[in-house]
>>> print(open('protein28.pdb').read())   # PDB, C-alpha atoms
ATOM      1  CA  MET E   1      -6.027 -21.306  -5.332
ATOM      2  CA  PRO E   2      -3.297 -20.637  -7.898
ATOM      3  CA  SER E   3      -5.862 -20.767 -10.718
ATOM      4  CA  ASN E   4      -7.995 -18.352  -8.775
ATOM      5  CA  ALA E   5      -5.106 -15.937  -8.434
ATOM      6  CA  SER E   6      -4.099 -16.107 -12.085
ATOM      7  CA  GLU E   7      -7.663 -15.644 -13.185
ATOM      8  CA  GLN E   8      -7.797 -12.451 -11.191
ATOM      9  CA  ARG E   9      -4.490 -11.280 -12.561
ATOM     10  CA  THR E  10      -5.659 -11.586 -16.143
ATOM     11  CA  ALA E  11      -8.663  -9.393 -15.434
ATOM     12  CA  PRO E  12      -7.247  -6.039 -14.366
ATOM     13  CA  THR E  13     -10.632  -4.429 -13.995
ATOM     14  CA  ARG E  14      -9.750  -2.126 -11.154
ATOM     15  CA  ALA E  15      -9.485   1.570 -11.691
ATOM     16  CA  PRO E  16      -6.092   3.147 -11.011
ATOM     17  CA  LEU E  17      -5.614   5.311  -7.953
ATOM     18  CA  ALA E  18      -5.514   9.065  -8.346
ATOM     19  CA  THR E  19      -2.061  10.404  -9.181
ATOM     20  CA  THR E  20      -2.264  12.382  -5.941
ATOM     21  CA  ALA E  21      -2.604   9.246  -3.743
ATOM     22  CA  ASP E  22       0.277   9.252  -1.269
ATOM     23  CA  ASN E  23      -0.947   7.810   2.019
ATOM     24  CA  ALA E  24      -2.067   4.197   2.141
ATOM     25  CA  LEU E  25      -3.714   2.815   5.274
ATOM     26  CA  LYS E  26      -4.315  -0.751   6.345
ATOM     27  CA  ILE E  27      -6.956  -2.717   8.169
ATOM     28  CA  VAL E  28      -6.405  -6.440   8.630
ATOM     29  CA  VAL E  29      -9.228  -8.965   8.790
ATOM     30  CA  VAL E  30      -7.862 -12.035  10.479
ATOM     31  CA  GLY E  31      -9.500 -15.378  11.058
ATOM     32  CA  GLY E  32      -9.396 -19.097  10.455
ATOM     33  CA  PHE E  33      -9.754 -20.862   7.130
ATOM     34  CA  GLY E  34     -13.187 -20.471   5.531
ATOM     35  CA  VAL E  35     -14.525 -18.010   8.083
ATOM     36  CA  GLY E  36     -15.340 -15.415   5.413
ATOM     37  CA  LYS E  37     -12.380 -13.012   5.387
ATOM     38  CA  THR E  38     -12.310 -12.696   1.606
ATOM     39  CA  THR E  39     -16.078 -12.377   1.515
ATOM     40  CA  LEU E  40     -15.978  -9.475   3.971
ATOM     41  CA  VAL E  41     -13.148  -7.753   2.099
ATOM     42  CA  GLY E  42     -14.976  -8.245  -1.208
ATOM     43  CA  SER E  43     -18.227  -6.851   0.205
ATOM     44  CA  VAL E  44     -16.738  -3.416   0.801
ATOM     45  CA  SER E  45     -13.830  -3.275  -1.653
ATOM     46  CA  GLU E  46     -14.007  -1.015  -4.701
ATOM     47  CA  MET E  47     -12.201  -3.706  -6.667
ATOM     48  CA  ARG E  48     -12.472  -7.451  -6.815
ATOM     49  CA  PRO E  49     -10.115  -8.762  -4.128
ATOM     50  CA  LEU E  50      -6.663  -9.641  -5.384
ATOM     51  CA  SER E  51      -4.711 -12.585  -4.118
ATOM     52  CA  THR E  52      -0.992 -12.789  -3.563
ATOM     53  CA  GLU E  53       1.464 -14.659  -1.424
ATOM     54  CA  GLU E  54       4.459 -14.243   0.799
ATOM     55  CA  ILE E  55       7.290 -16.656   1.421
ATOM     56  CA  MET E  56       9.044 -17.025   4.703
ATOM     57  CA  THR E  57      12.468 -15.524   4.172
ATOM     58  CA  GLN E  58      15.423 -15.342   6.517
ATOM     59  CA  ALA E  59      14.487 -11.780   7.354
ATOM     60  CA  SER E  60      10.965 -12.768   8.314
ATOM     61  CA  ALA E  61      12.272 -15.781  10.213
ATOM     62  CA  GLY E  62      13.434 -13.285  12.813
ATOM     63  CA  VAL E  63      14.912 -14.648  15.992
ATOM     64  CA  ASP E  64      13.816 -18.213  15.368
ATOM     65  CA  ASP E  65      16.390 -20.816  14.565
ATOM     66  CA  ILE E  66      16.809 -20.423  10.817
ATOM     67  CA  SER E  67      18.800 -23.621  10.438
ATOM     68  CA  ALA E  68      15.747 -25.503  11.589
ATOM     69  CA  VAL E  69      13.679 -23.859   8.870
ATOM     70  CA  ARG E  70      16.136 -24.171   6.015
ATOM     71  CA  ASP E  71      15.696 -27.855   5.416
ATOM     72  CA  LYS E  72      11.950 -27.690   5.420
ATOM     73  CA  ARG E  73       9.807 -26.959   2.444
ATOM     74  CA  THR E  74       9.554 -23.237   1.784
ATOM     75  CA  THR E  75       6.633 -21.860   3.762
ATOM     76  CA  THR E  76       4.232 -19.686   1.833
ATOM     77  CA  ALA E  77       1.077 -17.915   2.880
ATOM     78  CA  ALA E  78      -1.563 -16.672   0.484
ATOM     79  CA  PHE E  79      -3.609 -13.642   1.385
ATOM     80  CA  ASP E  80      -6.240 -11.461  -0.246
ATOM     81  CA  PHE E  81      -6.757  -7.765  -0.222
ATOM     82  CA  GLY E  82      -9.171  -5.132  -1.406
ATOM     83  CA  ARG E  83      -9.190  -1.363  -1.477
ATOM     84  CA  ILE E  84     -11.351   1.619  -0.561
ATOM     85  CA  THR E  85     -10.411   5.090  -1.770
ATOM     86  CA  ILE E  86     -10.843   7.576   1.089
ATOM     87  CA  ASP E  87     -10.039  10.855  -0.612
ATOM     88  CA  GLU E  88      -7.610  12.227  -3.184
ATOM     89  CA  ARG E  89      -4.595  11.378  -1.014
ATOM     90  CA  ARG E  90      -5.658   8.520   1.239
ATOM     91  CA  VAL E  91      -6.486   4.951   0.307
ATOM     92  CA  LEU E  92      -7.424   2.130   2.656
ATOM     93  CA  TYR E  93      -6.234  -1.399   1.942
ATOM     94  CA  LEU E  94      -8.126  -4.270   3.550
ATOM     95  CA  PHE E  95      -6.241  -7.494   4.054
ATOM     96  CA  GLY E  96      -7.673 -10.897   4.735
ATOM     97  CA  ALA E  97      -4.980 -12.710   6.667
ATOM     98  CA  PRO E  98      -4.896 -16.311   7.862
ATOM     99  CA  GLY E  99      -4.947 -16.426  11.638
ATOM    100  CA  GLN E 100      -3.249 -19.747  12.245
ATOM    101  CA  LYS E 101       0.011 -19.793  14.081
ATOM    102  CA  ARG E 102       1.991 -21.169  11.158
ATOM    103  CA  PHE E 103       1.394 -17.940   9.233
ATOM    104  CA  TRP E 104       2.898 -15.720  11.913
ATOM    105  CA  PHE E 105       5.638 -14.562   9.532
ATOM    106  CA  LEU E 106       3.044 -12.644   7.528
ATOM    107  CA  TRP E 107       1.795 -10.744  10.471
ATOM    108  CA  ASN E 108       4.513  -8.224  11.056
ATOM    109  CA  GLN E 109       4.283  -6.720   7.627
ATOM    110  CA  LEU E 110       0.498  -6.625   7.590
ATOM    111  CA  PHE E 111      -0.078  -5.322  11.098
ATOM    112  CA  THR E 112       2.758  -2.797  11.274
ATOM    113  CA  GLY E 113       1.243   0.645  10.931
ATOM    114  CA  SER E 114      -2.274  -0.720  10.492
ATOM    115  CA  LEU E 115      -5.274   1.170  11.832
ATOM    116  CA  GLY E 116      -6.358  -2.001  13.556
ATOM    117  CA  ALA E 117      -7.769  -5.444  13.012
ATOM    118  CA  VAL E 118     -11.038  -7.274  12.719
ATOM    119  CA  VAL E 119     -11.028 -10.774  14.170
ATOM    120  CA  LEU E 120     -13.641 -12.674  12.198
ATOM    121  CA  VAL E 121     -15.098 -15.554  14.153
ATOM    122  CA  ASP E 122     -17.044 -18.657  13.181
ATOM    123  CA  THR E 123     -19.019 -19.767  16.242
ATOM    124  CA  ASP E 124     -18.412 -23.426  15.356
ATOM    125  CA  ARG E 125     -14.669 -22.878  15.581
ATOM    126  CA  VAL E 126     -14.143 -20.224  18.197
ATOM    127  CA  ARG E 127     -10.779 -21.572  19.275
ATOM    128  CA  ASP E 128      -9.378 -20.818  15.797
ATOM    129  CA  SER E 129      -9.345 -17.191  16.953
ATOM    130  CA  TRP E 130      -7.449 -17.608  20.196
ATOM    131  CA  TYR E 131      -4.009 -17.299  18.732
ATOM    132  CA  ALA E 132      -4.866 -14.199  16.702
ATOM    133  CA  ILE E 133      -6.436 -12.462  19.696
ATOM    134  CA  ASP E 134      -3.470 -13.312  21.869
ATOM    135  CA  ARG E 135      -1.029 -11.831  19.360
ATOM    136  CA  LEU E 136      -3.112  -8.692  18.801
ATOM    137  CA  GLU E 137      -3.286  -8.072  22.538
ATOM    138  CA  HIS E 138       0.425  -8.680  22.851
ATOM    139  CA  HIS E 139       1.235  -6.207  20.072
ATOM    140  CA  ARG E 140      -1.353  -3.734  21.400
ATOM    141  CA  THR E 141      -3.036  -3.607  18.023
ATOM    142  CA  PRO E 142      -6.577  -2.285  18.483
ATOM    143  CA  PHE E 143      -9.159  -4.778  17.282
ATOM    144  CA  VAL E 144     -12.818  -5.648  17.223
ATOM    145  CA  VAL E 145     -14.335  -9.108  17.067
ATOM    146  CA  ALA E 146     -17.013  -9.793  14.459
ATOM    147  CA  VAL E 147     -19.052 -12.976  14.532
ATOM    148  CA  ASN E 148     -19.909 -14.013  10.993
ATOM    149  CA  ARG E 149     -23.460 -15.380  11.126
ATOM    150  CA  PHE E 150     -23.772 -17.355   7.940
ATOM    151  CA  GLY E 151     -24.757 -20.770   9.236
ATOM    152  CA  PRO E 152     -28.264 -22.043   9.859
ATOM    153  CA  GLY E 153     -29.784 -21.304  13.232
ATOM    154  CA  PRO E 154     -29.040 -18.494  15.632
ATOM    155  CA  GLY E 155     -25.917 -20.036  17.185
ATOM    156  CA  PRO E 156     -24.498 -18.925  20.514
ATOM    157  CA  GLY E 157     -25.163 -15.374  21.651
ATOM    158  CA  LEU E 158     -22.490 -12.682  21.781
ATOM    159  CA  ALA E 159     -22.087 -12.925  25.546
ATOM    160  CA  GLU E 160     -21.352 -16.622  25.188
ATOM    161  CA  VAL E 161     -18.878 -15.950  22.394
ATOM    162  CA  ARG E 162     -17.150 -13.324  24.528
ATOM    163  CA  ARG E 163     -16.757 -15.816  27.340
ATOM    164  CA  ALA E 164     -15.420 -18.468  24.976
ATOM    165  CA  LEU E 165     -12.912 -16.007  23.505
ATOM    166  CA  ASP E 166     -12.010 -14.549  26.877
ATOM    167  CA  VAL E 167     -11.761 -11.001  25.544
ATOM    168  CA  SER E 168     -12.200  -7.975  27.749
ATOM    169  CA  ASP E 169     -15.440  -6.000  27.787
ATOM    170  CA  ARG E 170     -13.560  -3.102  26.266
ATOM    171  CA  VAL E 171     -13.145  -4.958  22.985
ATOM    172  CA  PRO E 172     -16.193  -4.341  20.764
ATOM    173  CA  LEU E 173     -17.931  -7.579  19.792
ATOM    174  CA  VAL E 174     -20.506  -7.458  17.007
ATOM    175  CA  ASP E 175     -22.551  -9.745  14.798
ATOM    176  CA  CYS E 176     -22.127  -9.459  11.054
ATOM    177  CA  ASP E 177     -22.983 -11.011   7.750
ATOM    178  CA  ALA E 178     -19.795 -10.844   5.696
ATOM    179  CA  ARG E 179     -21.828 -11.187   2.492
ATOM    180  CA  SER E 180     -23.565  -7.898   3.180
ATOM    181  CA  ARG E 181     -21.897  -4.630   2.213
ATOM    182  CA  GLU E 182     -23.756  -2.698   4.917
ATOM    183  CA  SER E 183     -23.001  -5.233   7.610
ATOM    184  CA  SER E 184     -19.299  -5.451   6.659
ATOM    185  CA  ARG E 185     -19.090  -1.675   6.511
ATOM    186  CA  ASP E 186     -20.593  -1.455  10.005
ATOM    187  CA  VAL E 187     -17.850  -3.753  11.323
ATOM    188  CA  LEU E 188     -15.189  -1.451   9.879
ATOM    189  CA  VAL E 189     -16.973   1.613  11.248
ATOM    190  CA  THR E 190     -17.008  -0.008  14.697
ATOM    191  CA  LEU E 191     -13.268  -0.618  14.426
ATOM    192  CA  VAL E 192     -12.434   2.937  13.352
ATOM    193  CA  GLN E 193     -14.643   4.382  16.102
ATOM    194  CA  HIS E 194     -12.899   2.088  18.573
ATOM    195  CA  VAL E 195      -9.477   3.242  17.343
ATOM    196  CA  SER E 196     -10.607   6.880  17.470
ATOM    197  CA  GLY E 197     -11.651   6.647  21.119
ATOM    198  CA  PRO E 198      -9.667   8.600  23.756
ATOM    199  CA  VAL E 199      -8.110   5.329  24.875
ATOM    200  CA  HIS E 200      -8.633   2.217  22.799
ATOM    201  CA  GLY E 201     -11.870   0.687  23.973
ATOM    202  CA  SER E 202     -12.376   2.966  26.978
ATOM    203  CA  ALA E 203     -16.082   2.958  26.279
ATOM    204  CA  PRO E 204     -18.412   0.795  24.235
ATOM    205  CA  THR E 205     -18.911   2.253  20.776
ATOM    206  CA  PRO E 206     -22.410   3.427  19.910
ATOM    207  CA  ALA E 207     -22.424   1.317  16.741
ATOM    208  CA  SER E 208     -21.826  -1.961  18.527
ATOM    209  CA  THR E 209     -24.716  -4.331  18.925
ATOM    210  CA  PRO E 210     -25.914  -4.726  22.502
ATOM    211  CA  GLU E 211     -24.989  -8.148  23.742
ATOM    212  CA  ASP E 212     -27.560 -10.588  24.897
ATOM    213  CA  THR E 213     -27.388 -11.796  28.445
ATOM    214  CA  GLN E 214     -27.780 -15.514  27.947
TER
ATOM    215  CA  MET C   1      20.051 -29.891   1.520
ATOM    216  CA  ASN C   2      17.027 -31.333  -0.151
ATOM    217  CA  HIS C   3      17.114 -31.674  -3.917
ATOM    218  CA  ASP C   4      13.589 -32.830  -4.470
ATOM    219  CA  PRO C   5      12.614 -31.163  -7.785
ATOM    220  CA  LEU C   6       9.265 -30.038  -6.386
ATOM    221  CA  GLN C   7      10.978 -28.092  -3.677
ATOM    222  CA  ARG C   8      13.596 -26.619  -5.952
ATOM    223  CA  GLU C   9      11.374 -25.239  -8.641
ATOM    224  CA  SER C  10       9.972 -22.147  -7.040
ATOM    225  CA  PRO C  11      13.104 -20.995  -5.178
ATOM    226  CA  ASP C  12      15.150 -21.357  -8.381
ATOM    227  CA  ARG C  13      12.793 -19.137 -10.256
ATOM    228  CA  LEU C  14      12.844 -16.594  -7.470
ATOM    229  CA  TYR C  15      16.639 -16.738  -7.380
ATOM    230  CA  THR C  16      16.759 -15.886 -11.086
ATOM    231  CA  VAL C  17      14.300 -13.029 -10.832
ATOM    232  CA  THR C  18      16.160 -11.349  -7.997
ATOM    233  CA  GLY C  19      19.634 -12.056  -9.336
ATOM    234  CA  GLY C  20      20.342 -14.224  -6.319
ATOM    235  CA  ARG C  21      20.020 -11.552  -3.702
ATOM    236  CA  GLY C  22      18.330 -12.235  -0.427
ATOM    237  CA  ASP C  23      15.907 -10.078   1.445
ATOM    238  CA  THR C  24      18.590  -8.518   3.584
ATOM    239  CA  ASP C  25      18.115  -4.871   2.717
ATOM    240  CA  THR C  26      17.543  -2.744   5.763
ATOM    241  CA  ARG C  27      15.440  -0.196   3.920
ATOM    242  CA  THR C  28      11.807  -1.018   4.247
ATOM    243  CA  LEU C  29       8.973  -0.932   1.824
ATOM    244  CA  ASP C  30       5.678  -1.378   3.579
ATOM    245  CA  SER C  31       3.184  -3.732   1.958
ATOM    246  CA  VAL C  32       1.115  -0.655   1.111
ATOM    247  CA  THR C  33       3.887   1.754   0.150
ATOM    248  CA  LEU C  34       2.689   3.324  -3.109
ATOM    249  CA  ILE C  35       5.059   3.000  -6.039
ATOM    250  CA  VAL C  36       5.061   5.498  -8.907
ATOM    251  CA  SER C  37       7.044   5.156 -12.136
ATOM    252  CA  GLU C  38       9.514   7.907 -12.870
ATOM    253  CA  CYS C  39      10.302   6.746 -16.417
ATOM    254  CA  GLU C  40       9.182   4.467 -19.243
ATOM    255  CA  PRO C  41      10.470   0.946 -19.716
ATOM    256  CA  VAL C  42      13.418   0.721 -22.128
ATOM    257  CA  PRO C  43      14.399  -2.181 -24.428
ATOM    258  CA  GLY C  44      16.649  -4.709 -22.775
ATOM    259  CA  MET C  45      15.298  -4.060 -19.345
ATOM    260  CA  GLN C  46      14.503  -7.079 -17.140
ATOM    261  CA  SER C  47      10.919  -8.009 -17.965
ATOM    262  CA  GLU C  48       9.736  -7.721 -14.359
ATOM    263  CA  HIS C  49      11.212  -4.227 -14.111
ATOM    264  CA  ALA C  50       9.494  -3.211 -17.344
ATOM    265  CA  ALA C  51       6.186  -4.646 -16.118
ATOM    266  CA  ILE C  52       6.471  -2.677 -12.888
ATOM    267  CA  LEU C  53       7.144   0.574 -14.733
ATOM    268  CA  ARG C  54       4.077   0.035 -16.924
ATOM    269  CA  MET C  55       1.925  -0.878 -13.932
ATOM    270  CA  CYS C  56       2.990   2.016 -11.723
ATOM    271  CA  VAL C  57       2.186   4.892 -14.069
ATOM    272  CA  PHE C  58      -0.517   5.454 -11.463
ATOM    273  CA  PRO C  59       0.327   4.916  -7.768
ATOM    274  CA  THR C  60       0.258   1.186  -7.037
ATOM    275  CA  ALA C  61       0.775  -0.519  -3.673
ATOM    276  CA  VAL C  62       3.579  -3.038  -3.212
ATOM    277  CA  VAL C  63       1.028  -5.830  -2.675
ATOM    278  CA  GLU C  64      -0.772  -4.906  -5.883
ATOM    279  CA  VAL C  65       2.491  -5.170  -7.805
ATOM    280  CA  SER C  66       3.003  -8.542  -6.144
ATOM    281  CA  ALA C  67      -0.465  -9.768  -7.113
ATOM    282  CA  GLU C  68      -0.125  -8.531 -10.696
ATOM    283  CA  LEU C  69       3.295 -10.092 -11.213
ATOM    284  CA  GLY C  70       2.354 -13.301  -9.427
ATOM    285  CA  LEU C  71       5.484 -13.037  -7.295
ATOM    286  CA  PRO C  72       5.780 -13.146  -3.509
ATOM    287  CA  VAL C  73       5.841  -9.782  -1.763
ATOM    288  CA  SER C  74       9.414 -10.180  -0.521
ATOM    289  CA  VAL C  75      10.644 -10.855  -4.064
ATOM    290  CA  VAL C  76       8.784  -7.818  -5.365
ATOM    291  CA  ARG C  77      10.419  -5.694  -2.652
ATOM    292  CA  ILE C  78      13.836  -6.617  -4.013
ATOM    293  CA  LEU C  79      12.803  -5.732  -7.565
ATOM    294  CA  LEU C  80      11.386  -2.425  -6.360
ATOM    295  CA  LEU C  81      14.538  -1.552  -4.439
ATOM    296  CA  ASP C  82      16.506  -2.035  -7.692
ATOM    297  CA  LEU C  83      14.234   0.454  -9.406
ATOM    298  CA  LEU C  84      14.334   2.842  -6.458
ATOM    299  CA  ASP C  85      18.132   2.743  -6.379
ATOM    300  CA  THR C  86      18.298   3.826  -9.997
ATOM    301  CA  GLY C  87      15.589   6.459  -9.645
ATOM    302  CA  ARG C  88      13.211   4.713 -12.009
ATOM    303  CA  VAL C  89      10.402   4.626  -9.473
ATOM    304  CA  ALA C  90       9.483   6.736  -6.458
ATOM    305  CA  ALA C  91       8.058   5.354  -3.202
ATOM    306  CA  ARG C  92       5.308   7.110  -1.273
ATOM    307  CA  HIS C  93       5.530   5.659   2.205
ATOM    308  CA  PRO C  94       2.451   5.455   4.440
ATOM    309  CA  ALA C  95       2.242   8.341   6.894
ATOM    310  CA  SER C  96       1.850   5.761   9.678
ATOM    311  CA  SER C  97       5.422   4.576   9.068
ATOM    312  CA  VAL C  98       6.749   8.068   9.783
ATOM    313  CA  GLN C  99       4.566   9.026  12.737
ATOM    314  CA  ARG C 100       4.150   5.675  14.454
ATOM    315  CA  ALA C 101       4.781   6.970  17.945
ATOM    316  CA  GLU C 102       1.807   9.314  17.841
ATOM    317  CA  GLY C 103      -0.475   6.820  16.170
ATOM    318  CA  HIS C 104      -2.813   7.809  13.401
ATOM    319  CA  ASP C 105      -3.715  11.444  13.175
ATOM    320  CA  PRO C 106      -7.333  12.310  14.077
ATOM    321  CA  GLU C 107      -7.994  13.900  10.706
ATOM    322  CA  THR C 108      -7.082  10.658   8.919
ATOM    323  CA  LEU C 109      -9.318   8.627  11.219
ATOM    324  CA  LYS C 110     -12.143  11.078  10.637
ATOM    325  CA  GLN C 111     -11.797  10.889   6.872
ATOM    326  CA  VAL C 112     -11.679   7.078   6.962
ATOM    327  CA  LEU C 113     -14.844   7.023   9.047
ATOM    328  CA  LEU C 114     -16.621   9.389   6.656
ATOM    329  CA  ALA C 115     -15.569   7.345   3.646
ATOM    330  CA  LEU C 116     -16.783   4.116   5.250
ATOM    331  CA  GLN C 117     -20.098   5.695   6.161
ATOM    332  CA  ARG C 118     -20.561   6.702   2.524
ATOM    333  CA  LEU C 119     -20.308   3.060   1.379
TER
END
>>> encode(input="protein28.pdb", output="structure tokens")
Amino acid sequence: MPSNASEQRTAPTRAPLATTADNALKIVVVGGFGVGKTTLVGSVSEMRPLSTEEIMTQASAGVDDISAVRDKRTTTAAFDFGRITIDERRVLYLFGAPGQKRFWFLWNQLFTGSLGAVVLVDTDRVRDSWYAIDRLEHHRTPFVVAVNRFGPGPGPGLAEVRRALDVSDRVPLVDCDARSRESSRDVLVTLVQHVSGPVHGSAPTPASTPEDTQ
Amino acid sequence: MNHDPLQRESPDRLYTVTGGRGDTDTRTLDSVTLIVSECEPVPGMQSEHAAILRMCVFPTAVVEVSAELGLPVSVVRILLLDLLDTGRVAARHPASSVQRAEGHDPETLKQVLLALQRL
């Protein structure tokens, strides 16, 4: 992972933003290890995803007992991000964030002010998403759930996944292939349409895939 | 306190880079606040500060600075606050940080949707 990051740092191939850029937006893709967050970000990003890290500081430790943390090894979390220029003033940053509980200290800074989140799910490890969904609901961050279909075989249907995740019918749930630019774009479109609704998720979005009834 | 060399290495380096200050500043720089240089690097300047000024000739997000420097975001925030304090960079904060109560404005959402649909 460190070699990966340094390799990317030595290849600054991305184009600079316009000098007029002054309003950056965020969407967070959250999910378990290896579920395809970086792949999804890379599929739609105008630059090769960059990798960086955050350390848990006293400020991010928040109300938890800091003395309990101090003697432990410094906690770090790596995350990736990409970028999509919207217009001459707006730019959208896409973050791939680890969803496990131990990375909670990253969440505040990534989710604060974000447009919303995509919970990326691997059907073999659905429970990896429970914590993320719980926190998003708690913080009232609008989100959609995308099932990354990259394994062999059809896997469980969306209705089954919805039951396993225990998310409300108002949360859009879609299939995707994170390797595909079009498919990844459609996930983001579903999220922005969901966020744009009169009330978050008051109606199913037209772009969402109809769920099977198995 | 643990003095295992493995555990000391990284924090020591970070301590040096930030001059020993902690992340206690109440001013906030969002992870996507755009930083723009207001001047050129000068000789004798701390190397990280000079690197930031070169990098931010065009608007550059805090996380991009972090990735380019290979330093954690919270450490980069401290470096950026130094430069902000002395007027050597300007910060363009996300509109969402100013208008959080109302949420994102419809025009922004519309433009994001259009841009995504063009992909």
>>> resolve_selection(input="protein28.pdb", expression="the PyMOL selection byres ((chain C and resi 53) around 8)", output="CSV table (one decimal) with C-alpha atoms, keeping the file's coordinate frame")
chain,number,residue,atom,x,y,z
C,36,VAL,CA,5.1,5.5,-8.9
C,37,SER,CA,7.0,5.2,-12.1
C,38,GLU,CA,9.5,7.9,-12.9
C,39,CYS,CA,10.3,6.7,-16.4
C,40,GLU,CA,9.2,4.5,-19.2
C,41,PRO,CA,10.5,0.9,-19.7
C,49,HIS,CA,11.2,-4.2,-14.1
C,50,ALA,CA,9.5,-3.2,-17.3
C,51,ALA,CA,6.2,-4.6,-16.1
C,52,ILE,CA,6.5,-2.7,-12.9
C,54,ARG,CA,4.1,0.0,-16.9
C,55,MET,CA,1.9,-0.9,-13.9
C,56,CYS,CA,3.0,2.0,-11.7
C,57,VAL,CA,2.2,4.9,-14.1
C,88,ARG,CA,13.2,4.7,-12.0
C,89,VAL,CA,10.4,4.6,-9.5
>>> closest_residue(input="protein28.pdb", among="C:Ala67, C:Leu79, C:Met45, C:Ile35", to="chain E", atoms="only C-alpha atoms")
C:Ala67
>>> closest_residue(input="protein28.pdb", among="E:Val161, E:Trp107, E:Arg185, E:Leu25", to="E:Arg125", atoms="only C-alpha atoms")
E:Val161
>>> atom_distance(input="protein28.pdb", atom1="atom CA of C:Asp85", atom2="atom CA of C:Ser31")
18.3 Å
>>> interface_residues(input="protein28.pdb", of="chain E", to="chain C", cutoff="8 Å", atoms="only C-alpha atoms", output="VMD selection string")
chain E and resid 5 to 6 9 16 to 19 21 to 26 44 50 to 55 57 to 59 71 73 to 74 85 to 87 92 to 93 109 to 110 113 to 115 181 to 182 185 188 to 189 192 to 193 196
>>> atom_distance(input="protein28.pdb", atom1="atom CA of E:Arg127", atom2="atom CA of E:Gly32")
9.3 Å
>>> atom_distance(input="protein28.pdb", atom1="atom CA of C:Leu84", atom2="atom CA of C:Val62")
12.7 Å
>>> closest_residue(input="protein28.pdb", among="E:Ile84, E:Val30, E:Val187, E:Gly197", to="E:Phe103", atoms="all atoms listed in the file")
E:Val30
>>> closest_residue(input="protein28.pdb", among="E:Phe33, E:Phe111, E:Phe95, E:Phe143", to="E:Pro49", atoms="all atoms listed in the file")
E:Phe95
>>> closest_residue(input="protein28.pdb", among="E:Ala15, E:Ile133, E:Met56, E:Ala97", to="E:Phe81", atoms="all atoms listed in the file")
E:Ala97
>>> residues_around(input="protein28.pdb", residues="E:Leu40", least_positions_apart="2", cutoff="7 Å", atoms="only C-alpha atoms", output="VMD selection string")
chain E and resid 36 to 38 42 to 44 178 to 179 184
>>> resolve_selection(input="protein28.pdb", expression="the PyMOL selection byres ((chain E and resi 150) around 8)", output="list of chain:residue names")
E:Asn148, E:Arg149, E:Gly151, E:Pro152, E:Asp177, E:Ala178
>>> closest_residue(input="protein28.pdb", among="E:Ser129, E:Ser180, E:Ser168, E:Thr76", to="E:Val29", atoms="all atoms listed in the file")
E:Ser129
